[in-house]
Each structure stands twice: as structure tokens, then as C-alpha cells.
file entry.tsv (TSV, C-alpha atoms)
chain	number	residue	atom	x	y	z
A	628	MET	CA	-26.60	26.85	18.74
A	629	ALA	CA	-29.01	29.75	19.49
A	630	ALA	CA	-26.58	32.08	17.71
A	631	LEU	CA	-27.33	30.34	14.42
A	632	SER	CA	-30.31	31.44	12.39
A	633	THR	CA	-32.98	29.07	11.10
A	634	LEU	CA	-31.51	29.31	7.60
A	635	ASP	CA	-28.07	28.45	9.00
A	636	LEU	CA	-29.47	25.32	10.62
A	637	ILE	CA	-31.26	24.33	7.41
A	638	ALA	CA	-28.07	24.83	5.39
A	639	LEU	CA	-26.08	22.81	7.93
A	640	GLY	CA	-28.70	20.05	7.78
A	641	ILE	CA	-28.45	19.97	3.99
A	642	PHE	CA	-24.66	19.73	4.24
A	643	LEU	CA	-24.75	16.83	6.70
A	644	ALA	CA	-27.50	15.04	4.76
A	645	ALA	CA	-25.54	15.43	1.53
A	646	TRP	CA	-22.35	14.03	3.10
A	647	LEU	CA	-24.11	11.11	4.77
A	648	GLY	CA	-26.27	10.46	1.73
A	649	PHE	CA	-23.28	10.36	-0.58
A	650	ASN	CA	-21.51	7.88	1.72
A	651	VAL	CA	-24.59	5.65	1.73
A	652	LEU	CA	-24.90	5.92	-2.05
A	653	VAL	CA	-21.34	4.87	-2.85
A	654	GLU	CA	-20.84	2.34	-0.05
A	655	LEU	CA	-24.20	0.76	0.87
A	656	SER	CA	-26.74	1.32	-1.90
A	657	PRO	CA	-27.24	-1.03	-4.90
A	658	LEU	CA	-25.46	1.60	-7.03
A	659	ARG	CA	-22.18	1.03	-5.20
A	660	ASP	CA	-21.20	-1.68	-7.71
A	661	ARG	CA	-21.21	0.95	-10.46
A	662	THR	CA	-18.85	3.35	-8.71
A	663	LEU	CA	-15.24	3.92	-9.63
A	664	SER	CA	-14.21	3.15	-6.04
A	665	LYS	CA	-15.86	-0.29	-6.16
A	666	MET	CA	-14.20	-1.10	-9.47
A	667	MET	CA	-10.80	-0.16	-8.08
A	668	GLU	CA	-11.51	-2.27	-5.01
A	669	GLU	CA	-11.98	-5.28	-7.28
A	670	TYR	CA	-8.61	-4.51	-8.83
A	671	ARG	CA	-7.08	-4.56	-5.35
A	672	PHE	CA	-8.26	-8.16	-4.92
A	673	ALA	CA	-7.03	-9.03	-8.42
A	674	TRP	CA	-3.68	-7.45	-7.57
A	675	MET	CA	-3.24	-9.62	-4.48
A	676	GLN	CA	-4.21	-12.73	-6.41
A	677	THR	CA	-1.59	-11.93	-9.03
A	678	MET	CA	0.95	-11.11	-6.34
A	679	ALA	CA	0.45	-14.55	-4.81
A	680	LEU	CA	1.52	-16.18	-8.09
A	681	ARG	CA	4.76	-14.23	-8.31
A	682	GLN	CA	8.04	-15.38	-6.81
A	683	VAL	CA	9.59	-11.90	-6.90
A	684	ARG	CA	7.29	-9.37	-5.26
A	685	ILE	CA	9.42	-6.24	-5.29
A	686	MET	CA	6.96	-4.46	-7.56
A	687	ASP	CA	4.08	-5.19	-5.17
A	688	THR	CA	5.93	-3.80	-2.16
A	689	ALA	CA	6.84	-0.69	-4.19
A	690	ILE	CA	3.18	-0.11	-5.06
A	691	LEU	CA	2.13	-0.54	-1.44
A	692	THR	CA	4.86	1.87	-0.33
A	693	GLY	CA	3.48	4.43	-2.76
A	694	LEU	CA	-0.01	4.02	-1.32
A	695	GLN	CA	1.34	4.49	2.20
A	696	GLN	CA	3.25	7.63	1.21
A	697	GLY	CA	0.16	9.14	-0.39
A	698	THR	CA	-1.90	8.40	2.72
A	699	SER	CA	0.80	9.89	4.94
A	700	PHE	CA	0.81	13.05	2.83
A	701	PHE	CA	-2.93	13.56	3.23
A	702	ALA	CA	-2.76	12.84	6.97
A	703	SER	CA	-0.09	15.53	7.33
A	704	THR	CA	-2.20	17.89	5.23
A	705	ALA	CA	-5.18	17.35	7.53
A	706	LEU	CA	-3.03	18.18	10.57
A	707	LEU	CA	-1.78	21.36	8.90
A	708	ALA	CA	-5.37	22.29	8.10
A	709	ILE	CA	-6.30	21.88	11.76
A	710	GLY	CA	-3.45	24.23	12.68
A	711	GLY	CA	-4.69	26.71	10.10
A	712	ALA	CA	-8.17	26.55	11.61
A	713	PHE	CA	-6.71	27.36	15.04
A	714	THR	CA	-5.15	30.43	13.43
A	715	LEU	CA	-8.57	31.45	12.14
A	716	LEU	CA	-9.94	31.18	15.67
A	717	ASP	CA	-7.11	33.23	17.14
A	718	GLY	CA	-7.44	36.02	14.59
A	719	THR	CA	-11.23	36.18	14.32
A	720	GLU	CA	-11.60	39.92	14.87
A	721	ARG	CA	-8.76	40.79	12.51
A	722	ILE	CA	-10.11	38.54	9.77
A	723	VAL	CA	-13.62	39.98	10.07
A	724	GLN	CA	-12.18	43.50	9.90
A	725	ILE	CA	-10.10	42.75	6.80
A	726	ALA	CA	-13.03	41.01	5.11
A	727	GLY	CA	-15.21	44.02	5.83
A	728	ASP	CA	-12.64	46.40	4.33
A	729	LEU	CA	-12.49	44.24	1.19
A	730	SER	CA	-16.28	43.82	1.04
A	731	VAL	CA	-15.88	40.06	1.29
A	732	PRO	CA	-19.15	38.46	2.51
A	733	VAL	CA	-18.06	36.68	5.70
A	734	GLU	CA	-19.84	36.26	9.03
A	735	SER	CA	-19.40	39.33	11.22
A	736	ASN	CA	-20.76	37.73	14.41
A	737	ARG	CA	-17.80	36.46	16.43
A	738	VAL	CA	-19.69	33.60	18.09
A	739	VAL	CA	-21.14	32.34	14.80
A	740	TRP	CA	-17.73	32.66	13.12
A	741	GLU	CA	-16.11	30.55	15.85
A	742	ILE	CA	-18.85	27.90	15.56
A	743	LYS	CA	-18.17	27.63	11.85
A	744	VAL	CA	-14.40	27.44	12.27
A	745	ILE	CA	-14.74	24.76	14.97
A	746	GLY	CA	-16.99	22.80	12.61
A	747	LEU	CA	-14.28	23.04	9.96
A	748	MET	CA	-11.72	21.79	12.48
A	749	LEU	CA	-13.91	18.78	13.28
A	750	ILE	CA	-14.05	17.86	9.60
A	751	PHE	CA	-10.27	18.04	9.32
A	752	ALA	CA	-9.92	15.98	12.52
A	753	TYR	CA	-12.23	13.33	11.08
A	754	ALA	CA	-10.18	13.27	7.87
A	755	PHE	CA	-6.95	12.88	9.87
A	756	PHE	CA	-8.32	9.88	11.79
A	757	LYS	CA	-9.44	8.25	8.54
A	758	PHE	CA	-6.07	8.79	6.87
A	759	GLY	CA	-4.25	7.63	10.01
A	760	TRP	CA	-6.26	4.40	10.14
A	761	ALA	CA	-5.85	3.87	6.40
A	762	TYR	CA	-2.08	4.18	6.81
A	763	ARG	CA	-2.16	1.62	9.60
A	764	LEU	CA	-4.26	-0.76	7.50
A	765	PHE	CA	-1.83	-0.45	4.59
A	766	ASN	CA	0.86	-1.36	7.13
A	767	TYR	CA	-1.09	-4.45	8.18
A	768	SER	CA	-1.67	-5.36	4.55
A	769	SER	CA	2.06	-5.19	3.83
A	770	ILE	CA	2.81	-7.44	6.82
A	771	VAL	CA	0.26	-10.04	5.75
A	772	MET	CA	1.46	-9.77	2.16
A	773	GLY	CA	4.99	-10.47	3.36
A	774	SER	CA	3.76	-13.68	5.00
A	775	VAL	CA	2.37	-15.11	1.75
A	776	PRO	CA	4.36	-18.33	1.08
A	777	ASP	CA	6.51	-18.79	-2.00
A	778	ALA	CA	4.44	-19.29	-5.14
A	779	VAL	CA	6.38	-22.45	-6.10
A	780	THR	CA	7.17	-24.24	-2.85
A	781	GLY	CA	4.28	-23.00	-0.66
A	782	ASP	CA	0.96	-24.73	-0.03
A	783	LYS	CA	-1.58	-23.46	-2.57
A	784	ASP	CA	-4.44	-23.16	-0.08
A	785	VAL	CA	-2.29	-21.21	2.37
A	786	ILE	CA	-1.10	-18.91	-0.43
A	787	LEU	CA	-4.66	-18.13	-1.57
A	788	ASN	CA	-5.99	-17.71	1.96
A	789	THR	CA	-3.19	-15.37	3.05
A	790	SER	CA	-3.33	-13.31	-0.13
A	791	TYR	CA	-7.09	-12.92	0.36
A	792	LYS	CA	-6.49	-11.57	3.86
A	793	ALA	CA	-3.98	-9.09	2.46
A	794	ALA	CA	-6.51	-8.06	-0.17
A	795	ARG	CA	-9.23	-7.52	2.45
A	796	LEU	CA	-6.94	-5.31	4.50
A	797	ASN	CA	-5.88	-3.41	1.39
A	798	ALA	CA	-9.50	-2.85	0.37
A	799	LEU	CA	-10.40	-1.64	3.87
A	800	ALA	CA	-7.47	0.77	3.79
A	801	GLY	CA	-8.71	2.07	0.45
A	802	ARG	CA	-12.19	2.64	1.85
A	803	HIS	CA	-10.93	4.62	4.83
A	804	PHE	CA	-8.61	6.60	2.56
A	805	ASN	CA	-11.58	7.43	0.33
A	806	ARG	CA	-13.59	8.57	3.35
A	807	GLY	CA	-10.77	10.81	4.49
A	808	GLN	CA	-10.37	12.31	1.05
A	809	ARG	CA	-14.15	12.75	0.82
A	810	ALA	CA	-14.02	14.70	4.10
A	811	LEU	CA	-11.44	17.05	2.60
A	812	PHE	CA	-13.65	17.57	-0.44
A	813	PHE	CA	-16.66	18.34	1.74
A	814	SER	CA	-14.55	20.73	3.80
A	815	ILE	CA	-14.33	22.82	0.63
A	816	GLY	CA	-18.11	22.87	0.58
A	817	PHE	CA	-18.19	23.75	4.29
A	818	LEU	CA	-16.02	26.81	3.60
A	819	GLY	CA	-18.98	28.30	1.78
A	820	TRP	CA	-20.70	28.67	5.15
A	821	LEU	CA	-18.21	31.40	6.04
A	822	ALA	CA	-20.03	33.50	3.44
A	823	GLY	CA	-23.44	32.62	4.82
A	824	PRO	CA	-26.04	29.82	4.67
A	825	TRP	CA	-26.71	30.21	0.97
A	826	GLY	CA	-22.98	29.95	0.33
A	827	LEU	CA	-22.95	26.63	2.21
A	828	ILE	CA	-25.88	25.29	0.19
A	829	ILE	CA	-24.35	26.30	-3.15
A	830	THR	CA	-20.88	24.93	-2.40
A	831	THR	CA	-22.32	21.71	-0.95
A	832	VAL	CA	-24.38	21.07	-4.09
A	833	SER	CA	-21.33	21.85	-6.23
A	834	VAL	CA	-19.10	19.42	-4.32
A	835	VAL	CA	-21.70	16.64	-4.48
A	836	ALA	CA	-22.11	17.19	-8.22
A	837	VAL	CA	-18.35	16.90	-8.78
A	838	LEU	CA	-18.07	13.76	-6.63
A	839	LEU	CA	-21.05	12.11	-8.34
A	840	ARG	CA	-19.52	12.76	-11.72
A	841	ARG	CA	-16.19	11.28	-10.65
A	842	GLN	CA	-17.81	8.12	-9.32
A	843	PHE	CA	-20.34	7.50	-12.09
A	844	ALA	CA	-19.43	9.46	-15.23
A	845	SER	CA	-15.73	10.36	-15.18
A	846	ASN	CA	-13.10	9.58	-17.78
A	847	ALA	CA	-11.28	7.56	-15.12
A	848	ARG	CA	-14.31	5.28	-14.70
A	849	THR	CA	-14.57	4.90	-18.47
A	850	ALA	CA	-10.89	3.97	-18.62
A	851	VAL	CA	-11.29	1.31	-15.92
A	852	MET	CA	-14.33	-0.17	-17.67
A	853	ALA	CA	-12.72	-0.16	-21.11
A	854	SER	CA	-11.81	-3.55	-22.56
A	855	LEU	CA	-8.58	-4.27	-24.38
A	856	GLN	CA	-10.51	-4.58	-27.64
A	857	GLY	CA	-12.12	-1.20	-27.05
A	858	LEU	CA	-8.75	0.43	-26.44
A	859	ALA	CA	-7.30	-1.18	-29.54
A	860	ALA	CA	-10.24	0.06	-31.61
A	861	GLN	CA	-9.80	3.54	-30.18
A	862	GLY	CA	-6.12	3.43	-31.11
A	863	GLU	CA	-6.97	2.47	-34.68
A	864	ARG	CA	-9.47	5.32	-35.00
A	865	SER	CA	-7.05	7.87	-33.61
A	866	SER	CA	-4.22	6.72	-35.90
A	867	GLY	CA	-6.35	6.26	-38.99
A	868	GLY	CA	-5.75	2.53	-38.97
A	869	GLU	CA	-1.99	2.95	-39.43
A	870	LYS	CA	0.33	0.31	-38.02
A	871	THR	CA	2.94	1.10	-35.39
A	872	GLU	CA	6.69	0.78	-35.81
A	873	THR	CA	6.44	-2.86	-34.74
A	874	GLY	CA	4.11	-3.60	-37.64
A	875	SER	CA	1.07	-3.97	-35.39
A	876	SER	CA	-2.07	-1.87	-35.14
A	877	ASN	CA	-2.13	-2.49	-31.37
A	878	PRO	CA	-1.43	0.89	-29.66
A	879	PHE	CA	0.47	-0.89	-26.85
A	880	THR	CA	3.15	-2.27	-29.19

call {"tool": "encode", "arguments": {"input": "entry.tsv", "output": "C-alpha cells"}}
result
Amino acid sequence: MAALSTLDLIALGIFLAAWLGFNVLVELSPLRDRTLSKMMEEYRFAWMQTMALRQVRIMDTAILTGLQQGTSFFASTALLAIGGAFTLLDGTERIVQIAGDLSVPVESNRVVWEIKVIGLMLIFAYAFFKFGWAYRLFNYSSIVMGSVPDAVTGDKDVILNTSYKAARLNALAGRHFNRGQRALFFSIGFLGWLAGPWGLIITTVSVVAVLLRRQFASNARTAVMASLQGLAAQGERSSGGEKTETGSSNPFT
């Protein structure tokens, strides 16, 4: 690490502290209950409870399949990103030369450049492991969900207990998926380091600001928190109080 300047080490420390601090904030701190991720986790438990009461669960398996496909996509993306990082390592001198010709502010020191690219590869590797484990947990959740007894003929206690296990696995899968996606977001911030320590600091702060807004002040969070009455009132305001074709002022009818 002697090749890195003091400012580089400070910027790297800020990056790691921001990543770790954000994880603590949204997963361990008292504010975690106000995050969008926590609210969606509660919906995962509600989903499994509702699933347990249904006799036909085709819709539930379709939803879980969609979650698995999305996780698989991001895992594949992380692997491709690792391959791209290897390309950056292999063509270091050529990239530095092209960047210099274009006056793009990238690191000209080969050793420092390789340290930064390897760091980027480690982030992508971490993301891949998180997505891979999330995919496996979604698999486990689907297996447990398939073992939930019939809503009519099954024992009620067994139904509730098994559906709760499926919900726990589903929630854990969601957490690991979020961590993997968070790693990809912070990899965008890490890219700023290729332009120097100040670039890393600026991009890190920008990424954290975006993620904080999504968790605590986004339109998605507002939508999840909105009550049915609030949505109905919003529909009346947007339509001037006019009734729908069904004769109702409810925007869902």
C-alpha cells in the first residue's frame, strides 16, 4: 500500500466507512424500521401468511420465480463485471495512454491503477457471492413453501409454522440481495477513484445520498406507506372528484 498517497488512503477510508455505516444504518440502527427495505420485508411475511390461506398457489410460485430470475441476472452481471475488470488489468498501459491522449484524469501509475482495479474486482466478487446466496435462499424458500399443507385439510399450526419458515428464508434472501445490489451501487462510487482520491470522495458521497433518499424519502417508500384512503383521496383530487365508468370515485374501480 506504500504506492498509495495519504489522500488516497483517507479517501479509501471514507469509502469503506460510508459503505459500512450505511449497512449499519439500514440494518442494525433504530432507523431501520423506517427504511423501504424493512417495509418490504414486512410485506414478505404478509405474503407468506396470505399464501398459507390459499389452496391454489400458482401465483405465489410465479412471484418467487420472478425473484429468482432477477437475482440470477444480477449474479451474472457481477461475473461479467469481474471479467471486465480483468480486461482493465490486462490493458493497463493502453488504457492509461488513451486516457492521456483524451485528457481524461485517470491514474498514470501502473501499480496504483492495478490496486484500484483489483479493489473493484473484490467489490464485484462480494456482490456475486451475495447474489449467489440470495438465489440459493430463494430456492430454499420455494421448497419450504411447497411443503406448506393444504389450507383446508392441513393442520392450522403446521400451516402457520411452515409458512413462517418460508417467510424467514424469503426475508433473508431479500437482505442478501439488497447487500449485493448495494455493492454494485458502491462500485459506481469506487470508480471515481480511477480519477483520483477526490473523485472517490465525491462519487462516494453522491452514491450515499442517492441510497439514503431511496430508503427514507423516495416515492417508492411513500407509495408503500400510503393507505387505501390516502390513495382514494389522491384519485379524487387528480380527477376533480369525477366518478369512474363504474359509477365509483374509487380509482381502482

call {"tool": "closest_residue", "arguments": {"input": "entry.tsv", "among": "A:Val851, A:Leu764, A:Leu821, A:Leu652", "to": "Lys743 (chain A)", "atoms": "all atoms listed in the file"}}
result
A:Leu821

call {"tool": "residues_around", "arguments": {"input": "entry.tsv", "residues": "region 684-687 of chain A", "least_positions_apart": "2", "cutoff": "12 Å", "atoms": "only C-alpha atoms", "output": "ChimeraX atom specification"}}
result
/A:671,674-682,689-694,768-769,772-778,793

call {"tool": "atom_distance", "arguments": {"input": "entry.tsv", "atom1": "CA of Val739 (chain A)", "atom2": "CA of Val835 (chain A)"}}
result
24.9 Å

call {"tool": "residues_around", "arguments": {"input": "entry.tsv", "residues": "Ala752 (chain A)", "least_positions_apart": "3", "cutoff": "8 Å", "atoms": "only C-alpha atoms", "output": "ChimeraX atom specification"}}
result
/A:705-706,709,748-749,755-756

call {"tool": "closest_residue", "arguments": {"input": "entry.tsv", "among": "A:Ala761, A:Ala645, A:Val653, A:Ala754", "to": "Thr704 (chain A)", "atoms": "all atoms listed in the file"}}
result
A:Ala754

call {"tool": "closest_residue", "arguments": {"input": "entry.tsv", "among": "A:Phe765, A:Phe751, A:Leu839, A:Ala800", "to": "Leu707 (chain A)", "atoms": "all atoms listed in the file"}}
result
A:Phe751

call {"tool": "atom_distance", "arguments": {"input": "entry.tsv", "atom1": "CA of His803 (chain A)", "atom2": "CA of Lys757 (chain A)"}}
result
5.4 Å

call {"tool": "closest_residue", "arguments": {"input": "entry.tsv", "among": "A:Ala847, A:Leu796, A:Ala853, A:Leu811", "to": "Val834 (chain A)", "atoms": "only C-alpha atoms"}}
result
A:Leu811

call {"tool": "closest_residue", "arguments": {"input": "entry.tsv", "among": "A:Ile742, A:Ala798, A:Ile770, A:Met667", "to": "Asp635 (chain A)", "atoms": "all atoms listed in the file"}}
result
A:Ile742

call {"tool": "closest_residue", "arguments": {"input": "entry.tsv", "among": "A:Leu636, A:Val785, A:Leu663, A:Leu643", "to": "Thr849 (chain A)", "atoms": "all atoms listed in the file"}}
result
A:Leu663

call {"tool": "atom_distance", "arguments": {"input": "entry.tsv", "atom1": "CA of Ser664 (chain A)", "atom2": "CA of Thr830 (chain A)"}}
result
23.1 Å

call {"tool": "residues_around", "arguments": {"input": "entry.tsv", "residues": "Leu838 (chain A)", "least_positions_apart": "6", "cutoff": "12 Å", "atoms": "all atoms listed in the file", "output": "PDB file with C-alpha atoms, keeping the file's coordinate frame"}}
result
ATOM      1  CA  ALA A 645     -25.540  15.430   1.530  1.00  0.00           C
ATOM      2  CA  TRP A 646     -22.350  14.030   3.100  1.00  0.00           C
ATOM      3  CA  PHE A 649     -23.280  10.360  -0.580  1.00  0.00           C
ATOM      4  CA  ASN A 650     -21.510   7.880   1.720  1.00  0.00           C
ATOM      5  CA  LEU A 652     -24.900   5.920  -2.050  1.00  0.00           C
ATOM      6  CA  VAL A 653     -21.340   4.870  -2.850  1.00  0.00           C
ATOM      7  CA  THR A 662     -18.850   3.350  -8.710  1.00  0.00           C
ATOM      8  CA  LEU A 663     -15.240   3.920  -9.630  1.00  0.00           C
ATOM      9  CA  SER A 664     -14.210   3.150  -6.040  1.00  0.00           C
ATOM     10  CA  ASN A 805     -11.580   7.430   0.330  1.00  0.00           C
ATOM     11  CA  GLN A 808     -10.370  12.310   1.050  1.00  0.00           C
ATOM     12  CA  ARG A 809     -14.150  12.750   0.820  1.00  0.00           C
ATOM     13  CA  ALA A 810     -14.020  14.700   4.100  1.00  0.00           C
ATOM     14  CA  LEU A 811     -11.440  17.050   2.600  1.00  0.00           C
ATOM     15  CA  PHE A 812     -13.650  17.570  -0.440  1.00  0.00           C
ATOM     16  CA  PHE A 813     -16.660  18.340   1.740  1.00  0.00           C
ATOM     17  CA  GLY A 816     -18.110  22.870   0.580  1.00  0.00           C
ATOM     18  CA  THR A 831     -22.320  21.710  -0.950  1.00  0.00           C
ATOM     19  CA  VAL A 832     -24.380  21.070  -4.090  1.00  0.00           C
ATOM     20  CA  ALA A 844     -19.430   9.460 -15.230  1.00  0.00           C
ATOM     21  CA  SER A 845     -15.730  10.360 -15.180  1.00  0.00           C
TER      22      SER A 845
END

call {"tool": "axis_aligned_box", "arguments": {"input": "entry.tsv", "around": "region 838-853 of chain A", "padding_each_side": "5 Å", "output": "JSON"}}
result
{"center_x": -16.0, "center_y": 6.8, "center_z": -13.9, "size_x": 20.2, "size_y": 23.9, "size_z": 24.5}
